[in-house]
>>> print(open('structure00.cif').read())   # mmCIF, C-alpha atoms
data_start
#
loop_
_atom_site.group_PDB
_atom_site.id
_atom_site.type_symbol
_atom_site.label_atom_id
_atom_site.label_comp_id
_atom_site.auth_asym_id
_atom_site.auth_seq_id
_atom_site.Cartn_x
_atom_site.Cartn_y
_atom_site.Cartn_z
ATOM 1 C CA MET A 28 0.000 0.000 0.000
ATOM 2 C CA PRO A 29 1.269 3.513 -0.733
ATOM 3 C CA THR A 30 2.329 5.660 2.191
ATOM 4 C CA ALA A 31 1.667 9.371 2.637
ATOM 5 C CA SER A 32 5.278 10.180 1.766
ATOM 6 C CA SER A 33 5.231 8.042 -1.383
ATOM 7 C CA ALA A 34 1.988 9.746 -2.459
ATOM 8 C CA VAL A 35 3.558 13.172 -1.980
ATOM 9 C CA GLU A 36 6.573 12.109 -4.031
ATOM 10 C CA LEU A 37 4.288 10.813 -6.765
ATOM 11 C CA VAL A 38 2.461 14.143 -6.966
ATOM 12 C CA ARG A 39 5.813 15.938 -7.215
ATOM 13 C CA ARG A 40 6.555 13.889 -10.337
ATOM 14 C CA PHE A 41 3.316 15.033 -12.016
ATOM 15 C CA SER A 42 5.070 18.098 -13.446
ATOM 16 C CA ARG A 43 7.374 15.870 -15.516
ATOM 17 C CA ALA A 44 4.571 13.828 -17.101
ATOM 18 C CA ARG A 45 3.388 14.641 -20.634
ATOM 19 C CA VAL A 46 -0.124 13.633 -21.642
ATOM 20 C CA LEU A 47 -1.857 13.869 -25.014
ATOM 21 C CA VAL A 48 -5.666 14.088 -24.817
ATOM 22 C CA VAL A 49 -7.596 13.075 -27.944
ATOM 23 C CA GLY A 50 -11.354 13.415 -28.184
ATOM 24 C CA ASP A 51 -14.488 15.526 -28.247
ATOM 25 C CA LEU A 52 -13.646 19.075 -27.199
ATOM 26 C CA MET A 53 -16.510 21.110 -25.757
ATOM 27 C CA LEU A 54 -17.210 24.410 -24.080
ATOM 28 C CA ASP A 55 -19.261 24.430 -20.880
ATOM 29 C CA GLU A 56 -21.209 27.661 -20.431
ATOM 30 C CA PHE A 57 -22.863 28.538 -17.116
ATOM 31 C CA VAL A 58 -25.624 31.103 -16.664
ATOM 32 C CA TRP A 59 -26.020 31.921 -12.966
ATOM 33 C CA GLY A 60 -29.118 33.597 -11.601
ATOM 34 C CA LYS A 61 -32.077 33.702 -9.235
ATOM 35 C CA VAL A 62 -35.702 32.655 -9.540
ATOM 36 C CA SER A 63 -38.419 34.751 -7.933
ATOM 37 C CA ARG A 64 -41.477 34.016 -10.053
ATOM 38 C CA ILE A 65 -43.076 31.729 -12.626
ATOM 39 C CA SER A 66 -43.457 32.934 -16.203
ATOM 40 C CA PRO A 67 -46.946 34.145 -17.181
ATOM 41 C CA GLU A 68 -46.349 32.573 -20.612
ATOM 42 C CA ALA A 69 -45.763 28.987 -19.433
ATOM 43 C CA PRO A 70 -45.342 27.069 -16.144
ATOM 44 C CA VAL A 71 -41.577 27.596 -16.074
ATOM 45 C CA PRO A 72 -39.348 29.650 -13.741
ATOM 46 C CA VAL A 73 -38.065 33.031 -14.832
ATOM 47 C CA VAL A 74 -34.311 33.182 -14.177
ATOM 48 C CA TRP A 75 -32.896 36.611 -13.433
ATOM 49 C CA VAL A 76 -29.341 36.363 -14.808
ATOM 50 C CA GLN A 77 -26.631 37.672 -12.494
ATOM 51 C CA SER A 78 -23.456 36.334 -14.107
ATOM 52 C CA GLU A 79 -22.136 34.067 -16.851
ATOM 53 C CA SER A 80 -18.983 31.981 -17.138
ATOM 54 C CA VAL A 81 -17.359 29.413 -19.419
ATOM 55 C CA MET A 82 -15.038 26.456 -18.827
ATOM 56 C CA PRO A 83 -13.413 23.753 -20.967
ATOM 57 C CA GLY A 84 -15.711 20.737 -21.304
ATOM 58 C CA GLY A 85 -15.499 17.169 -22.569
ATOM 59 C CA ALA A 86 -11.975 16.203 -23.566
ATOM 60 C CA ALA A 87 -10.925 19.793 -22.894
ATOM 61 C CA ASN A 88 -12.037 19.330 -19.271
ATOM 62 C CA VAL A 89 -9.831 16.233 -18.991
ATOM 63 C CA ALA A 90 -6.895 18.304 -20.226
ATOM 64 C CA SER A 91 -7.785 21.086 -17.787
ATOM 65 C CA ASN A 92 -7.780 18.616 -14.892
ATOM 66 C CA ILE A 93 -4.383 17.229 -15.891
ATOM 67 C CA ARG A 94 -2.966 20.741 -16.101
ATOM 68 C CA ALA A 95 -4.503 21.727 -12.744
ATOM 69 C CA LEU A 96 -2.674 18.766 -11.173
ATOM 70 C CA GLY A 97 0.623 20.004 -12.630
ATOM 71 C CA GLY A 98 0.990 17.781 -15.693
ATOM 72 C CA ARG A 99 2.000 18.969 -19.138
ATOM 73 C CA VAL A 100 -0.824 18.403 -21.592
ATOM 74 C CA SER A 101 -1.761 18.919 -25.225
ATOM 75 C CA VAL A 102 -5.061 18.313 -26.981
ATOM 76 C CA VAL A 103 -6.194 16.996 -30.360
ATOM 77 C CA GLY A 104 -9.784 17.550 -31.412
ATOM 78 C CA LEU A 105 -12.129 19.859 -33.287
ATOM 79 C CA ALA A 106 -13.295 23.418 -32.619
ATOM 80 C CA GLY A 107 -15.413 25.621 -34.836
ATOM 81 C CA GLU A 108 -14.351 28.969 -36.235
ATOM 82 C CA ASP A 109 -16.987 30.706 -34.122
ATOM 83 C CA ARG A 110 -17.213 32.691 -30.911
ATOM 84 C CA TRP A 111 -17.561 29.504 -28.893
ATOM 85 C CA GLY A 112 -14.394 28.100 -30.443
ATOM 86 C CA ASP A 113 -12.589 31.354 -29.696
ATOM 87 C CA ALA A 114 -13.784 31.163 -26.096
ATOM 88 C CA LEU A 115 -12.611 27.546 -25.806
ATOM 89 C CA ARG A 116 -9.174 28.364 -27.211
ATOM 90 C CA GLY A 117 -8.940 31.294 -24.819
ATOM 91 C CA GLU A 118 -9.747 29.091 -21.828
ATOM 92 C CA LEU A 119 -7.168 26.500 -22.882
ATOM 93 C CA ALA A 120 -4.520 29.177 -23.454
ATOM 94 C CA SER A 121 -5.153 30.668 -20.006
ATOM 95 C CA ARG A 122 -4.447 27.230 -18.502
ATOM 96 C CA GLN A 123 -1.231 26.766 -20.536
ATOM 97 C CA ILE A 124 -2.647 23.791 -22.422
ATOM 98 C CA GLU A 125 -0.915 23.181 -25.751
ATOM 99 C CA MET A 126 -3.599 23.368 -28.440
ATOM 100 C CA SER A 127 -1.865 23.406 -31.820
ATOM 101 C CA GLY A 128 -3.486 19.996 -32.399
ATOM 102 C CA ILE A 129 -6.960 21.512 -32.542
ATOM 103 C CA VAL A 130 -8.264 21.087 -36.102
ATOM 104 C CA PRO A 131 -10.498 23.972 -37.289
ATOM 105 C CA SER A 132 -13.934 22.692 -38.228
ATOM 106 C CA ALA A 133 -16.799 23.916 -40.386
ATOM 107 C CA ARG A 134 -19.231 22.451 -37.874
ATOM 108 C CA PRO A 135 -20.014 24.571 -34.791
ATOM 109 C CA THR A 136 -18.098 24.162 -31.560
ATOM 110 C CA ILE A 137 -19.940 21.853 -29.147
ATOM 111 C CA VAL A 138 -21.455 23.975 -26.358
ATOM 112 C CA LYS A 139 -23.391 22.859 -23.301
ATOM 113 C CA THR A 140 -25.167 25.717 -21.555
ATOM 114 C CA ARG A 141 -26.367 25.151 -18.006
ATOM 115 C CA VAL A 142 -28.782 27.605 -16.423
ATOM 116 C CA ILE A 143 -28.346 27.468 -12.650
ATOM 117 C CA ALA A 144 -30.478 29.210 -10.043
ATOM 118 C CA HIS A 145 -29.935 28.890 -6.268
ATOM 119 C CA HIS A 146 -27.371 26.103 -6.850
ATOM 120 C CA GLN A 147 -29.904 24.044 -8.823
ATOM 121 C CA GLN A 148 -29.698 23.374 -12.545
ATOM 122 C CA VAL A 149 -32.881 24.649 -14.173
ATOM 123 C CA VAL A 150 -32.203 23.527 -17.753
ATOM 124 C CA ARG A 151 -29.348 22.497 -20.034
ATOM 125 C CA VAL A 152 -29.135 23.590 -23.672
ATOM 126 C CA ASP A 153 -26.860 21.596 -26.045
ATOM 127 C CA ARG A 154 -25.493 22.929 -29.321
ATOM 128 C CA GLU A 155 -23.886 20.221 -31.439
ATOM 129 C CA GLN A 156 -23.928 18.328 -34.722
ATOM 130 C CA GLN A 157 -23.683 14.540 -34.533
ATOM 131 C CA GLU A 158 -23.267 13.567 -38.184
ATOM 132 C CA PRO A 159 -20.187 11.408 -38.892
ATOM 133 C CA LEU A 160 -17.079 13.413 -39.692
ATOM 134 C CA PRO A 161 -15.782 13.475 -43.271
ATOM 135 C CA SER A 162 -12.890 11.059 -43.820
ATOM 136 C CA GLY A 163 -10.588 13.966 -44.666
ATOM 137 C CA THR A 164 -11.248 15.602 -41.309
ATOM 138 C CA VAL A 165 -10.492 12.354 -39.462
ATOM 139 C CA GLU A 166 -7.237 12.037 -41.424
ATOM 140 C CA ARG A 167 -6.229 15.515 -40.231
ATOM 141 C CA LEU A 168 -6.931 14.464 -36.653
ATOM 142 C CA ILE A 169 -4.840 11.306 -37.098
ATOM 143 C CA ARG A 170 -1.950 13.384 -38.473
ATOM 144 C CA ALA A 171 -2.232 15.734 -35.498
ATOM 145 C CA VAL A 172 -1.972 12.777 -33.097
ATOM 146 C CA THR A 173 0.926 11.228 -35.030
ATOM 147 C CA GLU A 174 2.904 14.475 -34.967
ATOM 148 C CA ARG A 175 2.561 14.795 -31.176
ATOM 149 C CA LEU A 176 2.816 11.191 -30.049
ATOM 150 C CA ASN A 177 6.588 11.040 -29.573
ATOM 151 C CA GLU A 178 6.419 13.929 -27.098
ATOM 152 C CA ALA A 179 3.825 12.195 -24.896
ATOM 153 C CA ASP A 180 4.207 9.663 -22.087
ATOM 154 C CA ALA A 181 0.513 8.777 -22.190
ATOM 155 C CA VAL A 182 -2.496 9.170 -24.462
ATOM 156 C CA VAL A 183 -6.027 9.709 -23.169
ATOM 157 C CA ILE A 184 -8.836 8.868 -25.591
ATOM 158 C CA GLU A 185 -11.920 10.732 -24.389
ATOM 159 C CA ASP A 186 -14.950 9.384 -26.227
ATOM 160 C CA TYR A 187 -18.115 11.407 -25.721
ATOM 161 C CA GLY A 188 -19.770 9.953 -28.811
ATOM 162 C CA LYS A 189 -19.720 13.266 -30.684
ATOM 163 C CA GLY A 190 -17.758 12.104 -33.735
ATOM 164 C CA VAL A 191 -14.042 12.655 -33.153
ATOM 165 C CA VAL A 192 -13.446 9.196 -31.666
ATOM 166 C CA CYS A 193 -14.563 6.992 -34.548
ATOM 167 C CA ARG A 194 -13.497 3.660 -36.057
ATOM 168 C CA GLN A 195 -11.139 5.296 -38.558
ATOM 169 C CA LEU A 196 -9.315 7.225 -35.828
ATOM 170 C CA LEU A 197 -9.144 4.367 -33.316
ATOM 171 C CA GLU A 198 -7.861 1.843 -35.861
ATOM 172 C CA ALA A 199 -5.004 4.223 -36.669
ATOM 173 C CA VAL A 200 -4.158 5.754 -33.292
ATOM 174 C CA ILE A 201 -4.284 2.776 -30.895
ATOM 175 C CA PRO A 202 -1.866 0.499 -32.840
ATOM 176 C CA LEU A 203 0.453 3.467 -33.443
ATOM 177 C CA ALA A 204 0.540 4.401 -29.747
ATOM 178 C CA ARG A 205 1.112 0.754 -28.769
ATOM 179 C CA ARG A 206 4.032 0.429 -31.219
ATOM 180 C CA ARG A 207 5.613 3.513 -29.684
ATOM 181 C CA GLY A 208 5.210 2.149 -26.164
ATOM 182 C CA LYS A 209 2.776 4.755 -24.888
ATOM 183 C CA LEU A 210 0.320 4.346 -22.039
ATOM 184 C CA ILE A 211 -3.212 4.433 -23.494
ATOM 185 C CA THR A 212 -6.234 5.100 -21.318
ATOM 186 C CA VAL A 213 -9.791 5.334 -22.615
ATOM 187 C CA ASP A 214 -12.952 6.903 -21.229
ATOM 188 C CA PRO A 215 -15.217 4.800 -23.431
ATOM 189 C CA LYS A 216 -18.602 4.826 -25.076
ATOM 190 C CA GLU A 217 -20.236 1.425 -25.469
ATOM 191 C CA ASP A 218 -20.551 1.763 -29.276
ATOM 192 C CA HIS A 219 -16.777 1.422 -29.679
ATOM 193 C CA PHE A 220 -15.854 -1.216 -27.100
ATOM 194 C CA ASP A 221 -14.722 -3.671 -29.768
ATOM 195 C CA LEU A 222 -12.125 -1.106 -30.908
ATOM 196 C CA TYR A 223 -10.497 -0.548 -27.500
ATOM 197 C CA ARG A 224 -8.668 -3.880 -27.431
ATOM 198 C CA ARG A 225 -5.193 -3.995 -25.870
ATOM 199 C CA VAL A 226 -5.140 -0.460 -24.507
ATOM 200 C CA THR A 227 -3.545 0.068 -21.086
ATOM 201 C CA ALA A 228 -6.759 0.782 -19.193
ATOM 202 C CA LEU A 229 -10.395 1.766 -19.599
ATOM 203 C CA THR A 230 -12.525 3.775 -17.157
ATOM 204 C CA PRO A 231 -16.204 3.069 -17.977
ATOM 205 C CA ASN A 232 -18.992 3.866 -15.564
ATOM 206 C CA ARG A 233 -21.416 1.191 -14.418
ATOM 207 C CA ALA A 234 -23.926 1.865 -17.216
ATOM 208 C CA GLU A 235 -21.278 1.851 -19.955
ATOM 209 C CA ALA A 236 -19.725 -1.389 -18.726
ATOM 210 C CA GLY A 237 -23.136 -3.019 -18.572
ATOM 211 C CA ALA A 238 -24.164 -1.768 -22.006
ATOM 212 C CA ALA A 239 -20.953 -3.174 -23.498
ATOM 213 C CA LEU A 240 -22.048 -6.602 -22.282
ATOM 214 C CA GLY A 241 -25.749 -6.173 -22.994
ATOM 215 C CA ARG A 242 -26.952 -6.328 -19.390
ATOM 216 C CA GLU A 243 -27.485 -4.161 -16.328
ATOM 217 C CA LEU A 244 -25.005 -4.315 -13.452
ATOM 218 C CA GLU A 245 -27.199 -4.074 -10.371
ATOM 219 C CA SER A 246 -25.146 -5.787 -7.652
ATOM 220 C CA ASP A 247 -21.507 -5.977 -6.586
ATOM 221 C CA VAL A 248 -21.449 -9.529 -7.942
ATOM 222 C CA ASP A 249 -22.662 -8.237 -11.342
ATOM 223 C CA VAL A 250 -19.889 -5.627 -11.380
ATOM 224 C CA ALA A 251 -17.223 -8.172 -10.428
ATOM 225 C CA ARG A 252 -18.286 -10.575 -13.180
ATOM 226 C CA ALA A 253 -18.503 -7.789 -15.749
ATOM 227 C CA GLY A 254 -15.091 -6.411 -14.860
ATOM 228 C CA LYS A 255 -13.388 -9.766 -15.285
ATOM 229 C CA GLU A 256 -15.290 -10.510 -18.484
ATOM 230 C CA LEU A 257 -14.466 -7.168 -20.109
ATOM 231 C CA LEU A 258 -10.832 -7.386 -19.051
ATOM 232 C CA ARG A 259 -10.518 -10.819 -20.644
ATOM 233 C CA LYS A 260 -12.424 -9.811 -23.773
ATOM 234 C CA LEU A 261 -10.475 -6.585 -24.397
ATOM 235 C CA GLU A 262 -7.030 -7.876 -23.314
ATOM 236 C CA CYS A 263 -6.181 -4.625 -21.579
ATOM 237 C CA GLU A 264 -4.003 -4.298 -18.488
ATOM 238 C CA ALA A 265 -6.697 -2.841 -16.257
ATOM 239 C CA LEU A 266 -10.333 -1.850 -16.076
ATOM 240 C CA LEU A 267 -11.526 0.823 -13.645
ATOM 241 C CA ILE A 268 -15.324 0.850 -13.329
ATOM 242 C CA THR A 269 -16.686 3.985 -11.677
ATOM 243 C CA LEU A 270 -19.747 3.401 -9.497
ATOM 244 C CA GLY A 271 -20.923 6.868 -8.459
ATOM 245 C CA GLU A 272 -21.550 7.055 -4.720
ATOM 246 C CA ASP A 273 -20.352 3.437 -4.405
ATOM 247 C CA GLY A 274 -16.789 4.311 -5.409
ATOM 248 C CA MET A 275 -14.739 2.434 -8.000
ATOM 249 C CA SER A 276 -13.723 -1.143 -8.786
ATOM 250 C CA LEU A 277 -10.273 -1.788 -10.228
ATOM 251 C CA PHE A 278 -9.621 -5.030 -12.119
ATOM 252 C CA GLU A 279 -6.067 -5.923 -13.197
ATOM 253 C CA ARG A 280 -4.870 -8.498 -15.682
ATOM 254 C CA ASP A 281 -3.102 -10.543 -12.980
ATOM 255 C CA GLY A 282 -6.466 -11.215 -11.317
ATOM 256 C CA ARG A 283 -6.259 -8.503 -8.675
ATOM 257 C CA HIS A 284 -9.587 -6.821 -7.856
ATOM 258 C CA VAL A 285 -9.632 -3.792 -5.560
ATOM 259 C CA ARG A 286 -12.679 -1.822 -4.415
ATOM 260 C CA ILE A 287 -12.012 1.892 -3.823
ATOM 261 C CA PRO A 288 -14.620 3.546 -1.578
ATOM 262 C CA THR A 289 -15.783 7.148 -1.693
ATOM 263 C CA VAL A 290 -15.611 9.734 1.056
ATOM 264 C CA ALA A 291 -19.034 11.363 1.456
ATOM 265 C CA GLN A 292 -19.294 14.935 0.221
ATOM 266 C CA GLU A 293 -22.181 17.316 -0.294
ATOM 267 C CA VAL A 294 -22.264 18.137 -4.000
ATOM 268 C CA PHE A 295 -24.705 19.959 -6.252
ATOM 269 C CA ASP A 296 -23.547 18.632 -9.608
ATOM 270 C CA VAL A 297 -21.393 15.587 -10.423
ATOM 271 C CA ALA A 298 -20.925 16.514 -14.099
ATOM 272 C CA GLY A 299 -17.329 15.852 -15.138
ATOM 273 C CA ALA A 300 -16.552 13.319 -12.388
ATOM 274 C CA GLY A 301 -15.480 10.733 -14.972
ATOM 275 C CA ASP A 302 -13.189 13.327 -16.574
ATOM 276 C CA THR A 303 -11.486 13.826 -13.222
ATOM 277 C CA VAL A 304 -11.046 10.078 -12.736
ATOM 278 C CA ILE A 305 -9.295 9.445 -16.036
ATOM 279 C CA ALA A 306 -7.216 12.633 -15.774
ATOM 280 C CA THR A 307 -5.877 11.752 -12.323
ATOM 281 C CA PHE A 308 -5.483 8.035 -13.073
ATOM 282 C CA THR A 309 -3.554 8.641 -16.302
ATOM 283 C CA LEU A 310 -1.320 11.352 -14.853
ATOM 284 C CA ALA A 311 -0.435 9.105 -11.927
ATOM 285 C CA LEU A 312 0.369 6.156 -14.218
ATOM 286 C CA ALA A 313 2.526 8.405 -16.414
ATOM 287 C CA SER A 314 4.365 9.478 -13.247
ATOM 288 C CA GLY A 315 5.222 5.913 -12.239
ATOM 289 C CA ALA A 316 2.304 4.879 -10.037
ATOM 290 C CA THR A 317 0.949 1.353 -9.888
ATOM 291 C CA MET A 318 -2.662 0.867 -10.985
ATOM 292 C CA GLU A 319 -3.895 0.692 -7.392
#
>>> encode(input="structure00.cif", output="structure tokens")
Amino acid sequence: MPTASSAVELVRRFSRARVLVVGDLMLDEFVWGKVSRISPEAPVPVVWVQSESVMPGGAANVASNIRALGGRVSVVGLAGEDRWGDALRGELASRQIEMSGIVPSARPTIVKTRVIAHHQQVVRVDREQQEPLPSGTVERLIRAVTERLNEADAVVIEDYGKGVVCRQLLEAVIPLARRRGKLITVDPKEDHFDLYRRVTALTPNRAEAGAALGRELESDVDVARAGKELLRKLECEALLITLGEDGMSLFERDGRHVRIPTVAQEVFDVAGAGDTVIATFTLALASGATME
């Protein structure tokens, strides 16, 4: 088991780790306000806006987490030539995240707008296009990954199902990263599980792991069976299934299974928790940590 001193030393090494994040870049917009009445036009609250803010979202949030922990990070993905894309690039630049791998796109930047009143989310508005990317665009993304791979210790594939992480990209990037000896971690979507074979580790949540096997994981026994089955099927080194308030279950290729509990906290919104898991897990592995 790690000691406090070994954990501190590990964190000190974070600044030497270099991580490449590949996936669906988004911008999270927050509209903060108060509610004092119901609209006379419809039975909905009227939000009096007091402030607005933006943050990196999706794969960009993973990169932001890695940078906040001290790691060096670069991103590959798409951003539109629009005000949302400009805002996203500005947020990444302010965090010293290397973003020359962002491919300009004719499609709009993905934006998720959350309207929040009195610490409660009133509504979320999504702006995105989900049509498959043109092959030429995917080829540009693959070139961007290839050009940056030698400078990375680890690659995070952040699949939000928005188009960047597709069969064409995965079939090129995963074998290339493996040949170059890179750590590869994946925050997966169930549609692509057959393409994640032989990566270093995956971090699905309970629903994603169950969907990949075509069944619900209701009990601890279900989770344990699913973890071992997926690990064997995908031939990866580890599988980390996140379980919300029940913590996480780590399965390793040597048969080790460790349950990691949570420490209770009062939270208003758990959006982005999976991003934080894969960011911290990957940065630690790139800094020499064991899986556990």
>>> resolve_selection(input="structure00.cif", expression="the PyMOL selection byres ((chain A and resi 53) around 8)", output="PyMOL selection string")
chain A and resi 51-52+54-55+83-87+106+115+136-139
>>> write_last_selection(input="structure00.cif", atoms="C-alpha atoms", output="compact mmCIF listing (two decimals), keeping the file's coordinate frame")
# COMPACT_ATOMS: atom_id res chain seq x y z
CA ASP A 51 -14.49 15.53 -28.25
CA LEU A 52 -13.65 19.08 -27.20
CA LEU A 54 -17.21 24.41 -24.08
CA ASP A 55 -19.26 24.43 -20.88
CA PRO A 83 -13.41 23.75 -20.97
CA GLY A 84 -15.71 20.74 -21.30
CA GLY A 85 -15.50 17.17 -22.57
CA ALA A 86 -11.98 16.20 -23.57
CA ALA A 87 -10.92 19.79 -22.89
CA ALA A 106 -13.30 23.42 -32.62
CA LEU A 115 -12.61 27.55 -25.81
CA THR A 136 -18.10 24.16 -31.56
CA ILE A 137 -19.94 21.85 -29.15
CA VAL A 138 -21.46 23.98 -26.36
CA LYS A 139 -23.39 22.86 -23.30
>>> closest_residue(input="structure00.cif", among="A:Met126, A:Ala253, A:Val142, A:Leu176", to="Leu266 of chain A", atoms="all atoms listed in the file")
A:Ala253
>>> resolve_selection(input="structure00.cif", expression="the PyMOL selection byres ((chain A and resi 125) around 10)", output="ChimeraX atom specification")
/A:47,90,99-103,116,119-120,122-124,126-129
>>> closest_residue(input="structure00.cif", among="A:His145, A:Thr307, A:Val192, A:Gly107", to="Val38 of chain A", atoms="all atoms listed in the file")
A:Thr307
>>> closest_residue(input="structure00.cif", among="A:Gly301, A:Pro161, A:Gly97, A:Gly271", to="Val46 of chain A", atoms="only C-alpha atoms")
A:Gly97
>>> resolve_selection(input="structure00.cif", expression="the PyMOL selection byres ((chain A and resi 168) around 9)", output="PyMOL selection string")
chain A and resi 49+103-105+128-130+163-167+169-173+191+196
>>> write_last_selection(input="structure00.cif", atoms="C-alpha atoms", output="CSV table (one decimal), keeping the file's coordinate frame")
chain,number,residue,atom,x,y,z
A,49,VAL,CA,-7.6,13.1,-27.9
A,103,VAL,CA,-6.2,17.0,-30.4
A,104,GLY,CA,-9.8,17.6,-31.4
A,105,LEU,CA,-12.1,19.9,-33.3
A,128,GLY,CA,-3.5,20.0,-32.4
A,129,ILE,CA,-7.0,21.5,-32.5
A,130,VAL,CA,-8.3,21.1,-36.1
A,163,GLY,CA,-10.6,14.0,-44.7
A,164,THR,CA,-11.2,15.6,-41.3
A,165,VAL,CA,-10.5,12.4,-39.5
A,166,GLU,CA,-7.2,12.0,-41.4
A,167,ARG,CA,-6.2,15.5,-40.2
A,169,ILE,CA,-4.8,11.3,-37.1
A,170,ARG,CA,-2.0,13.4,-38.5
A,171,ALA,CA,-2.2,15.7,-35.5
A,172,VAL,CA,-2.0,12.8,-33.1
A,173,THR,CA,0.9,11.2,-35.0
A,191,VAL,CA,-14.0,12.7,-33.2
A,196,LEU,CA,-9.3,7.2,-35.8
>>> axis_aligned_box(input="structure00.cif", around="segment 90-94 of chain A", padding_each_side="3 Å", output="lines of an AutoDock Vina configuration file")
center_x = -5.4
center_y = 19.2
center_z = -17.6
size_x = 10.8
size_y = 9.9
size_z = 11.3
>>> closest_residue(input="structure00.cif", among="A:Arg233, A:Arg280, A:Lys216, A:Arg134", to="Ile184 of chain A", atoms="only C-alpha atoms")
A:Lys216
>>> closest_residue(input="structure00.cif", among="A:Glu108, A:Glu79, A:Glu155, A:Asp247", to="Ser276 of chain A", atoms="all atoms listed in the file")
A:Asp247
>>> residues_around(input="structure00.cif", residues="Ser314 of chain A", least_positions_apart="5", cutoff="9 Å", atoms="all atoms listed in the file", output="PyMOL selection string")
chain A and resi 37-44+180+309
>>> residues_near_point(input="structure00.cif", point="(-26.6, 29.1, -17.0)", cutoff="10 Å", atoms="all atoms listed in the file", output="PyMOL selection string")
chain A and resi 55-60+74+76-81+139-144+148-152
>>> residues_near_point(input="structure00.cif", point="(-4.5, 7.8, -20.3)", cutoff="8 Å", atoms="all atoms listed in the file", output="PDB file with C-alpha atoms, keeping the file's coordinate frame")
ATOM      1  CA  VAL A  46      -0.124  13.633 -21.642  1.00  0.00           C
ATOM      2  CA  VAL A  48      -5.666  14.088 -24.817  1.00  0.00           C
ATOM      3  CA  ALA A 181       0.513   8.777 -22.190  1.00  0.00           C
ATOM      4  CA  VAL A 182      -2.496   9.170 -24.462  1.00  0.00           C
ATOM      5  CA  VAL A 183      -6.027   9.709 -23.169  1.00  0.00           C
ATOM      6  CA  ILE A 184      -8.836   8.868 -25.591  1.00  0.00           C
ATOM      7  CA  LEU A 210       0.320   4.346 -22.039  1.00  0.00           C
ATOM      8  CA  ILE A 211      -3.212   4.433 -23.494  1.00  0.00           C
ATOM      9  CA  THR A 212      -6.234   5.100 -21.318  1.00  0.00           C
ATOM     10  CA  VAL A 213      -9.791   5.334 -22.615  1.00  0.00           C
ATOM     11  CA  THR A 227      -3.545   0.068 -21.086  1.00  0.00           C
ATOM     12  CA  ALA A 228      -6.759   0.782 -19.193  1.00  0.00           C
ATOM     13  CA  ILE A 305      -9.295   9.445 -16.036  1.00  0.00           C
ATOM     14  CA  ALA A 306      -7.216  12.633 -15.774  1.00  0.00           C
ATOM     15  CA  PHE A 308      -5.483   8.035 -13.073  1.00  0.00           C
ATOM     16  CA  THR A 309      -3.554   8.641 -16.302  1.00  0.00           C
ATOM     17  CA  LEU A 310      -1.320  11.352 -14.853  1.00  0.00           C
ATOM     18  CA  LEU A 312       0.369   6.156 -14.218  1.00  0.00           C
TER      19      LEU A 312
END
>>> closest_residue(input="structure00.cif", among="A:Asp218, A:Asp109, A:Asp281, A:Glu319", to="Lys189 of chain A", atoms="only C-alpha atoms")
A:Asp218
>>> atom_distance(input="structure00.cif", atom1="atom CA of Val285 of chain A", atom2="atom CA of Val250 of chain A")
11.9 Å
